[in-house]
file upload_35.txt (compact mmCIF, C-alpha atoms)
# COMPACT_ATOMS: atom_id res chain seq x y z
CA MET B 93 -83.29 -0.62 102.34
CA PRO B 94 -82.96 -2.35 105.70
CA ALA B 95 -83.07 -0.32 108.89
CA SER B 96 -79.73 -0.40 110.66
CA GLY B 97 -79.33 -2.14 114.03
CA ARG B 98 -82.07 -4.74 113.52
CA ARG B 99 -81.25 -8.26 112.44
CA ASN B 100 -82.64 -9.21 109.06
CA LYS B 101 -84.11 -12.63 108.27
CA LEU B 102 -80.82 -13.96 106.90
CA GLU B 103 -78.97 -12.99 110.11
CA ILE B 104 -81.65 -14.53 112.34
CA ILE B 105 -81.48 -17.82 110.42
CA TYR B 106 -77.68 -17.73 110.71
CA ASP B 107 -77.87 -17.13 114.47
CA ILE B 108 -80.25 -20.09 114.89
CA LEU B 109 -78.14 -22.48 112.81
CA LYS B 110 -74.87 -21.23 114.32
CA ALA B 111 -76.25 -21.84 117.83
CA MET B 112 -77.04 -25.42 116.77
CA HIS B 113 -73.60 -25.84 115.21
CA ASP B 114 -71.86 -24.54 118.34
CA LYS B 115 -73.73 -27.16 120.36
CA GLY B 116 -72.37 -29.94 118.14
CA GLY B 117 -75.18 -29.89 115.59
CA ARG B 118 -77.99 -30.67 118.04
CA ILE B 119 -79.72 -28.40 120.52
CA LYS B 120 -82.61 -28.49 122.99
CA PRO B 121 -85.56 -26.20 122.14
CA THR B 122 -85.11 -24.24 125.37
CA HIS B 123 -81.42 -23.64 124.65
CA LEU B 124 -82.24 -22.54 121.13
CA LEU B 125 -84.83 -20.10 122.45
CA TYR B 126 -82.21 -18.58 124.73
CA LYS B 127 -79.43 -18.53 122.10
CA SER B 128 -81.53 -17.18 119.21
CA ASN B 129 -82.71 -14.16 121.21
CA LEU B 130 -86.27 -14.42 119.86
CA SER B 131 -89.70 -14.66 121.44
CA HIS B 132 -91.19 -18.16 121.70
CA GLN B 133 -93.71 -17.42 118.96
CA ARG B 134 -91.12 -15.99 116.54
CA MET B 135 -88.71 -18.85 117.21
CA LYS B 136 -91.45 -21.38 116.50
CA GLU B 137 -92.21 -19.65 113.19
CA TYR B 138 -88.54 -19.73 112.19
CA VAL B 139 -88.06 -23.34 113.30
CA ASP B 140 -91.15 -24.46 111.35
CA GLU B 141 -89.89 -22.67 108.24
CA LEU B 142 -86.39 -24.13 108.62
CA LYS B 143 -87.88 -27.62 109.02
CA ILE B 144 -89.94 -27.19 105.85
CA LYS B 145 -86.88 -25.96 103.95
CA GLY B 146 -84.90 -28.94 105.24
CA LEU B 147 -82.23 -26.90 107.03
CA ILE B 148 -82.99 -28.52 110.37
CA ALA B 149 -84.78 -31.68 111.53
CA GLU B 150 -86.43 -32.79 114.74
CA GLU B 151 -84.92 -35.71 116.64
CA GLN B 152 -87.18 -37.51 119.08
CA GLN B 153 -85.23 -38.48 122.22
CA SER B 154 -88.07 -39.95 124.23
CA GLU B 155 -91.85 -39.66 124.44
CA GLU B 156 -91.76 -35.94 125.31
CA LYS B 157 -88.17 -34.88 124.71
CA TYR B 158 -86.80 -33.87 121.36
CA LEU B 159 -83.83 -32.00 119.89
CA TYR B 160 -83.33 -29.89 116.81
CA ALA B 161 -80.54 -31.14 114.52
CA LEU B 162 -78.71 -29.48 111.66
CA THR B 163 -79.10 -31.21 108.30
CA THR B 164 -76.67 -31.24 105.37
CA GLN B 165 -78.56 -28.28 103.90
CA GLY B 166 -78.20 -26.47 107.21
CA TYR B 167 -74.43 -26.96 107.09
CA ASP B 168 -74.52 -25.85 103.45
CA PHE B 169 -76.23 -22.60 104.53
CA LEU B 170 -73.60 -21.99 107.23
CA SER B 171 -70.81 -22.64 104.72
CA ASN B 172 -72.29 -20.18 102.24
CA TYR B 173 -73.40 -17.58 104.79
CA GLN B 174 -70.51 -15.17 104.25
CA LYS B 175 -71.36 -14.91 100.53
CA LEU B 176 -75.10 -14.63 101.18
CA HIS B 177 -74.54 -11.92 103.79
CA GLU B 178 -72.17 -9.96 101.53
CA PHE B 179 -74.71 -10.13 98.69
CA THR B 180 -77.43 -8.78 100.98
CA GLU B 181 -75.17 -5.98 102.23
CA THR B 182 -73.96 -5.01 98.75
CA PHE B 183 -77.43 -4.64 97.28
CA GLY B 184 -79.12 -3.31 100.43
CA LEU B 185 -81.62 -6.16 100.68
CA MET A 90 -81.50 0.48 72.64
CA SER A 91 -83.41 3.05 70.65
CA GLY A 92 -83.87 3.49 66.91
CA ILE A 93 -80.75 2.77 64.88
CA PRO A 94 -78.53 5.88 64.90
CA PRO A 95 -76.00 6.53 62.11
CA VAL A 96 -72.93 5.49 64.07
CA PRO A 97 -69.94 3.54 62.66
CA GLN A 98 -70.58 -0.16 61.95
CA LEU A 99 -67.85 -1.19 64.40
CA PHE A 100 -69.81 0.40 67.25
CA PHE A 101 -72.56 -2.21 66.97
CA GLY A 102 -70.03 -5.03 67.35
CA VAL A 103 -68.47 -3.36 70.39
CA GLY A 104 -71.96 -2.54 71.71
CA ALA A 105 -73.08 -6.16 71.38
CA THR A 106 -69.98 -7.32 73.30
CA PHE A 107 -70.69 -4.76 76.04
CA GLU A 108 -74.28 -6.00 76.23
CA VAL A 109 -73.23 -9.65 76.51
CA LEU A 110 -70.93 -8.74 79.44
CA SER A 111 -73.71 -6.66 81.03
CA ALA A 112 -76.09 -9.61 80.56
CA LEU A 113 -73.56 -11.85 82.32
CA ALA A 114 -73.40 -9.44 85.29
CA ALA A 115 -77.21 -9.26 85.49
CA PHE A 116 -77.51 -13.05 85.16
CA LEU A 117 -75.03 -13.70 88.00
CA ILE A 118 -76.88 -11.26 90.26
CA ALA A 119 -80.22 -12.88 89.39
CA PHE A 120 -78.80 -16.37 89.95
CA PHE A 121 -77.28 -15.51 93.33
CA GLY A 122 -80.45 -13.67 94.36
CA PHE A 123 -82.49 -16.81 93.66
CA LYS A 124 -80.00 -18.81 95.72
CA VAL A 125 -80.53 -16.48 98.71
CA TYR A 126 -84.30 -16.61 98.15
CA ASN A 127 -84.18 -20.41 98.29
CA PHE A 128 -82.56 -20.28 101.71
CA VAL A 129 -84.43 -17.33 103.21
CA ASN A 130 -87.82 -17.46 101.46
CA ASP A 131 -88.13 -13.68 101.56
CA ARG A 132 -90.09 -12.19 98.63
CA LYS A 133 -87.80 -9.17 98.22
CA TYR A 134 -84.97 -11.47 97.09
CA TYR A 135 -87.36 -13.03 94.58
CA TRP A 136 -88.40 -9.67 93.10
CA PHE A 137 -84.80 -8.46 93.08
CA SER A 138 -83.72 -11.60 91.18
CA MET A 139 -86.65 -11.34 88.77
CA ALA A 140 -85.67 -7.73 88.01
CA PHE A 141 -82.13 -8.77 87.09
CA ALA A 142 -83.43 -11.78 85.13
CA PHE A 143 -85.55 -9.36 83.04
CA ILE A 144 -82.52 -7.09 82.56
CA THR A 145 -80.50 -10.14 81.38
CA LEU A 146 -83.16 -10.96 78.76
CA SER A 147 -83.34 -7.36 77.55
CA PHE A 148 -79.55 -7.25 77.08
CA VAL A 149 -79.52 -10.56 75.21
CA ALA A 150 -82.30 -9.36 72.87
CA SER A 151 -80.56 -6.04 72.30
CA ALA A 152 -77.18 -7.76 71.67
CA ILE A 153 -78.80 -9.99 69.00
CA VAL A 154 -80.11 -6.96 67.08
CA HIS A 155 -76.81 -5.11 67.37
CA MET A 156 -74.92 -8.20 66.20
CA LEU A 157 -77.24 -8.55 63.17
CA ILE A 158 -76.46 -4.95 62.25
CA TYR A 159 -72.72 -5.44 62.82
CA LEU A 160 -72.67 -8.56 60.62
CA GLN A 161 -74.54 -6.56 57.96
CA LEU A 162 -77.43 -9.04 57.97
CA ARG A 163 -79.92 -6.17 58.04
CA GLU A 164 -79.61 -5.80 54.28
CA VAL A 165 -79.96 -9.57 53.73
CA LEU A 166 -82.90 -10.19 56.10
CA VAL A 167 -84.87 -7.07 55.19
CA ASP A 168 -88.40 -8.11 56.25
CA LEU A 169 -87.29 -10.49 58.97
CA PHE A 170 -84.96 -7.86 60.43
CA SER A 171 -87.71 -5.25 60.77
CA LEU A 172 -89.91 -7.87 62.43
CA ILE A 173 -87.10 -8.88 64.82
CA HIS A 174 -86.26 -5.22 65.48
CA TYR A 175 -89.88 -4.33 66.27
CA GLY A 176 -90.30 -7.39 68.51
CA VAL A 177 -87.05 -6.71 70.34
CA ILE A 178 -87.86 -3.02 70.96
CA THR A 179 -91.31 -3.93 72.33
CA GLY A 180 -89.82 -6.67 74.53
CA TYR A 181 -87.01 -4.34 75.61
CA VAL A 182 -89.48 -1.65 76.73
CA ILE A 183 -91.66 -4.13 78.68
CA LEU A 184 -88.74 -5.98 80.29
CA LEU A 185 -86.74 -2.92 81.34
CA LEU A 186 -89.76 -1.01 82.63
CA THR A 187 -90.82 -4.03 84.71
CA ALA A 188 -87.27 -4.67 85.91
CA TYR A 189 -86.53 -1.14 87.09
CA LEU A 190 -89.98 -0.75 88.66
CA LEU A 191 -89.31 -3.92 90.64
CA LEU A 192 -85.89 -2.58 91.69
CA LEU A 193 -87.51 0.68 92.77
CA ALA A 194 -90.09 -1.28 94.79
CA VAL A 195 -87.36 -3.37 96.45
CA SER A 196 -85.13 -0.37 97.18
CA THR A 197 -88.02 1.56 98.75
CA ASN A 198 -89.35 -1.50 100.64
CA LEU A 199 -92.68 -1.20 98.81
CA THR A 200 -94.60 -4.28 99.89
CA ASN A 201 -98.13 -3.20 99.02
CA LYS A 202 -98.93 -5.38 95.98
CA ARG A 203 -101.92 -3.27 94.95
CA LEU A 204 -99.87 -0.10 94.91
CA LEU A 205 -97.19 -1.87 92.88
CA ALA A 206 -99.77 -3.19 90.40
CA PHE A 207 -101.26 0.32 90.16
CA ASN A 208 -97.82 1.75 89.29
CA PHE A 209 -97.29 -0.93 86.63
CA ILE A 210 -100.67 -0.32 85.00
CA ILE A 211 -100.35 3.47 84.96
CA LEU A 212 -96.81 3.40 83.56
CA PHE A 213 -97.58 0.85 80.85
CA ILE A 214 -100.67 2.80 79.74
CA LEU A 215 -98.63 6.00 79.75
CA VAL A 216 -95.84 4.49 77.62
CA PHE A 217 -97.91 2.51 75.13
CA THR A 218 -100.52 5.20 74.48
CA SER A 219 -98.03 8.03 74.04
CA ALA A 220 -97.37 9.54 70.59
CA ASN A 221 -93.70 8.61 70.86
CA ILE A 222 -93.31 5.37 72.79
CA LEU A 223 -89.49 5.40 72.93
CA ASN A 224 -89.22 9.01 74.11
CA THR A 225 -91.75 8.43 76.90
CA PHE A 226 -90.13 5.10 77.82
CA PHE A 227 -86.64 6.57 78.11
CA LEU A 228 -87.89 9.55 80.14
CA ILE A 229 -89.79 7.33 82.60
CA LEU A 230 -86.85 4.94 82.84
CA LEU A 231 -84.51 7.85 83.56
CA ILE A 232 -86.78 9.07 86.38
CA ILE A 233 -87.09 5.57 87.90
CA ILE A 234 -83.32 4.94 87.76
CA ALA A 235 -82.63 8.39 89.26
CA PHE A 236 -84.89 7.49 92.21
CA ILE A 237 -83.22 4.09 92.63
CA THR A 238 -79.83 5.87 92.62
CA LEU A 239 -81.08 8.27 95.30
CA ASN A 240 -82.18 5.32 97.45
CA TYR A 241 -78.78 3.65 97.05
CA PHE A 242 -77.03 6.94 97.88
CA GLU A 243 -79.01 7.10 101.14
CA TYR A 244 -78.11 3.46 101.81
CA PHE A 245 -74.44 4.25 101.17
CA ALA A 246 -74.61 7.29 103.48
CA GLU A 247 -76.18 5.10 106.17
CA LYS A 248 -73.91 2.09 105.69
CA THR A 249 -70.66 3.48 104.33
CA SER A 250 -68.45 0.81 102.81
CA LEU A 251 -66.67 0.11 99.55
CA THR A 252 -69.35 -2.36 98.41
CA THR A 253 -72.27 0.02 99.04
CA PHE A 254 -70.27 2.77 97.29
CA PHE A 255 -69.82 0.53 94.23
CA THR A 256 -73.55 -0.27 94.11
CA PHE A 257 -74.43 3.42 94.34
CA THR A 258 -71.80 4.24 91.67
CA SER A 259 -73.24 1.59 89.31
CA PHE A 260 -76.72 3.08 89.52
CA PHE A 261 -75.29 6.60 89.19
CA MET A 262 -73.54 5.53 85.96
CA LEU A 263 -76.83 4.10 84.70
CA THR A 264 -78.57 7.43 85.46
CA ILE A 265 -75.95 9.36 83.46
CA SER A 266 -76.18 6.78 80.69
CA HIS A 267 -79.95 7.10 80.37
CA ALA A 268 -79.78 10.91 80.58
CA LEU A 269 -77.36 10.91 77.61
CA LEU A 270 -79.43 8.39 75.62
CA TYR A 271 -82.62 10.36 76.26
CA SER A 272 -80.95 13.65 75.24
CA LYS A 273 -79.83 12.14 71.94
CA LEU A 274 -83.29 10.66 71.36
CA VAL A 275 -85.09 13.98 71.92
CA LEU A 276 -82.54 16.23 70.24
CA ALA A 277 -81.56 14.34 67.09
CA SER A 278 -79.20 17.19 66.13
CA LEU A 279 -76.91 16.33 69.05
CA SER A 280 -73.66 14.57 68.22
CA ASN A 281 -73.71 10.75 68.01
CA LEU A 282 -71.10 10.93 70.73
CA PHE A 283 -74.03 11.29 73.18
CA TYR A 284 -75.36 7.89 72.08
CA ILE A 285 -71.93 6.21 72.23
CA THR A 286 -71.03 7.80 75.59
CA GLY A 287 -74.43 6.83 77.00
CA PHE A 288 -73.81 3.28 75.95
CA ALA A 289 -70.30 3.35 77.47
CA PHE A 290 -71.64 4.64 80.82
CA GLN A 291 -74.21 1.85 80.86
CA PHE A 292 -71.43 -0.67 80.34
CA ILE A 293 -69.32 0.89 83.13
CA GLY A 294 -72.32 0.61 85.47
CA TYR A 295 -72.81 -3.08 84.71
CA PHE A 296 -69.07 -3.74 84.73
CA ILE A 297 -68.98 -2.48 88.34
CA PHE A 298 -71.90 -4.84 89.08
CA LEU A 299 -69.93 -7.68 87.48
CA CYS A 300 -66.86 -6.90 89.64
CA SER A 301 -69.06 -6.76 92.78
CA ILE A 302 -70.73 -10.12 92.14
CA ILE A 303 -67.43 -11.82 91.17
CA ARG A 304 -65.89 -10.51 94.42
CA ILE A 305 -68.80 -12.04 96.36
CA LEU A 306 -68.46 -15.36 94.53
CA LEU A 307 -64.73 -15.48 95.31
CA ILE A 308 -65.20 -15.04 99.07
CA ARG A 309 -63.55 -17.92 100.91
CA GLU A 310 -65.99 -19.44 103.36
CA LYS A 311 -65.25 -20.50 106.90
CA GLY A 312 -65.25 -24.28 107.22
CA PHE A 313 -68.08 -25.65 109.32
CA LYS A 314 -67.35 -29.08 110.70
CA THR A 315 -70.19 -31.40 109.81
CA ASN A 316 -71.38 -33.65 112.60
CA VAL A 317 -71.83 -36.86 110.60
CA LEU A 318 -73.68 -38.59 113.44
CA THR A 319 -76.17 -35.75 113.59
CA LEU A 320 -76.71 -35.87 109.86
CA GLU A 321 -77.35 -39.60 109.96
CA ASN A 322 -79.80 -39.19 112.82
CA ALA A 323 -81.53 -36.36 111.01
CA SER A 324 -81.91 -38.34 107.81
CA ILE A 325 -83.23 -41.37 109.73
CA ARG A 326 -85.69 -39.09 111.52
CA LYS A 327 -86.72 -37.50 108.19
CA LYS A 328 -87.33 -40.94 106.65
CA LYS A 329 -89.46 -41.93 109.65
CA GLN A 330 -91.53 -38.75 109.25
CA THR A 331 -92.16 -39.43 105.56

call {"tool": "encode", "arguments": {"input": "upload_35.txt", "output": "structure tokens"}}
result
Amino acid sequence: MPASGRRNKLEIIYDILKAMHDKGGRIKPTHLLYKSNLSHQRMKEYVDELKIKGLIAEEQQSEEKYLYALTTQGYDFLSNYQKLHEFTETFGL
Amino acid sequence: MSGIPPVPQLFFGVGATFEVLSALAAFLIAFFGFKVYNFVNDRKYYWFSMAFAFITLSFVASAIVHMLIYLQLREVLVDLFSLIHYGVITGYVILLLTAYLLLLAVSTNLTNKRLLAFNFIILFILVFTSANILNTFFLILLIIIAFITLNYFEYFAEKTSLTTFFTFTSFFMLTISHALLYSKLVLASLSNLFYITGFAFQFIGYFIFLCSIIRILLIREKGFKTNVLTLENASIRKKKQT
């Protein structure tokens, strides 16, 4: 059973994707770091995993600048979040 | 499902219907669990879904046997029926033991794979080398479900809501159900009412699960406006990467 007060993985992913959505679907890495409330290392781990799962993608702006963008699957996650969260809460996962 | 008790023929038809509905509840939970696992990639969702997938299979197998008895095919398919019955009971024992052990592991946050494997090995040896496999199986299952119920009671006490109460109640019903089934199995002189009531409690437990999962599936989601431009950019970027 999850310890109360701490965000679980599902909630952290939601916070990351919601932060991107609130910024119009694209966000700078530094803004995401601030909005997600995670350490740099943890945020990198989450971002890498979300990229692999196709929930977000990287958009190159120039040689050194890039943004993270929500993909269709990312929007799909946000749309289904309420159900996913309720499922997790109901079964104590 | 235990040996075949001398209960009215109609009971097997009703029992098979109950099992199909219970299988539906377990299937929906397993399906939704896999969906969450696909998004989150967290192993506990995988094990939780696998547990309910095993429970689904065990209910389907049990419903087939009960339906064969109800349709009076036992007398027609004499040899084949005993083969099916033996196969189903063996499968039922393996599937349910694995399923509830996985649920116990998930509900106690047991992540040590070696410890989990050790539990599996010890329990399977204990069940399959005992003089009475079904008695031992039902006793172990009762203990495991009682512990799962205790964990869900603690979760309910910590996070009090209607949904957590329903989950706890479902497992509590399953504990009562298995206590009744085990009593009837050990004390054959007890009324068949114990067997029927045990079965009914099991159905109530899974019916509550079915209501919970249907409620989740009917939740109306907030609309998230899709930024089409972003999606196009993302797909272009993805193509470039590949």

call {"tool": "closest_atom_pairs", "arguments": {"input": "upload_35.txt", "of": "segment 92-135 of chain A", "to": "segment 127-150 of chain B", "cutoff": "10 Å", "atoms": "all atoms listed in the file", "output": "JSON lines"}}
result
{"residue": "A:Asn127", "atom": "CA", "partner": "B:Lys145", "partner_atom": "CA", "distance": 8.4}
{"residue": "A:Phe128", "atom": "CA", "partner": "B:Lys145", "partner_atom": "CA", "distance": 7.5}
{"residue": "A:Val129", "atom": "CA", "partner": "B:Leu142", "partner_atom": "CA", "distance": 8.9}
{"residue": "A:Asn130", "atom": "CA", "partner": "B:Glu141", "partner_atom": "CA", "distance": 8.8}

call {"tool": "closest_residue", "arguments": {"input": "upload_35.txt", "among": "A:Tyr244, A:Phe209, A:Phe226, A:Phe148", "to": "chain B", "atoms": "all atoms listed in the file"}}
result
A:Tyr244

call {"tool": "atom_distance", "arguments": {"input": "upload_35.txt", "atom1": "atom CA of Leu162 of chain A", "atom2": "atom CA of Phe100 of chain A"}}
result
15.3 Å

call {"tool": "interface_residues", "arguments": {"input": "upload_35.txt", "of": "chain B", "to": "chain A", "cutoff": "6 Å", "atoms": "only C-alpha atoms", "output": "ChimeraX atom specification"}}
result
/B:93,149,163,171,175,182

call {"tool": "residues_near_point", "arguments": {"input": "upload_35.txt", "point": "(-78.0, -13.2, 116.3)", "cutoff": "12 Å", "atoms": "all atoms listed in the file", "output": "ChimeraX atom specification"}}
result
/B:97-111,124-130

call {"tool": "atom_distance", "arguments": {"input": "upload_35.txt", "atom1": "atom CA of Ser147 of chain A", "atom2": "atom CA of Tyr181 of chain A"}}
result
5.1 Å

call {"tool": "atom_distance", "arguments": {"input": "upload_35.txt", "atom1": "atom CA of Thr218 of chain A", "atom2": "atom CA of Trp136 of chain A"}}
result
26.7 Å

call {"tool": "residues_near_point", "arguments": {"input": "upload_35.txt", "point": "(-65.9, 3.4, 71.7)", "cutoff": "10 Å", "atoms": "all atoms listed in the file", "output": "PyMOL selection string"}}
result
chain A and resi 97+99-101+103-104+282+285-286+288-289

call {"tool": "closest_residue", "arguments": {"input": "upload_35.txt", "among": "A:Ile297, A:Ala140, A:Leu276, A:Ala268", "to": "Tyr189 of chain A", "atoms": "only C-alpha atoms"}}
result
A:Ala140

call {"tool": "closest_residue", "arguments": {"input": "upload_35.txt", "among": "A:Thr258, A:Ser171, A:Thr179, A:Ser219", "to": "Phe183 of chain B", "atoms": "all atoms listed in the file"}}
result
A:Thr258

call {"tool": "closest_residue", "arguments": {"input": "upload_35.txt", "among": "A:Lys273, A:His174, A:His267, A:Arg203", "to": "Ala150 of chain A", "atoms": "all atoms listed in the file"}}
result
A:His174

call {"tool": "closest_residue", "arguments": {"input": "upload_35.txt", "among": "A:Ile178, A:Leu239, A:Ile158, A:Glu108", "to": "Leu223 of chain A", "atoms": "only C-alpha atoms"}}
result
A:Ile178

call {"tool": "closest_residue", "arguments": {"input": "upload_35.txt", "among": "B:Tyr160, B:Gly166, B:Glu155, B:His177", "to": "His123 of chain B", "atoms": "all atoms listed in the file"}}
result
B:Tyr160

call {"tool": "axis_aligned_box", "arguments": {"input": "upload_35.txt", "around": "segment 153-167 of chain B", "padding_each_side": "3 Å", "output": "lines of an AutoDock Vina configuration file"}}
result
center_x = -83.1
center_y = -33.2
center_z = 114.6
size_x = 23.4
size_y = 19.5
size_z = 27.4
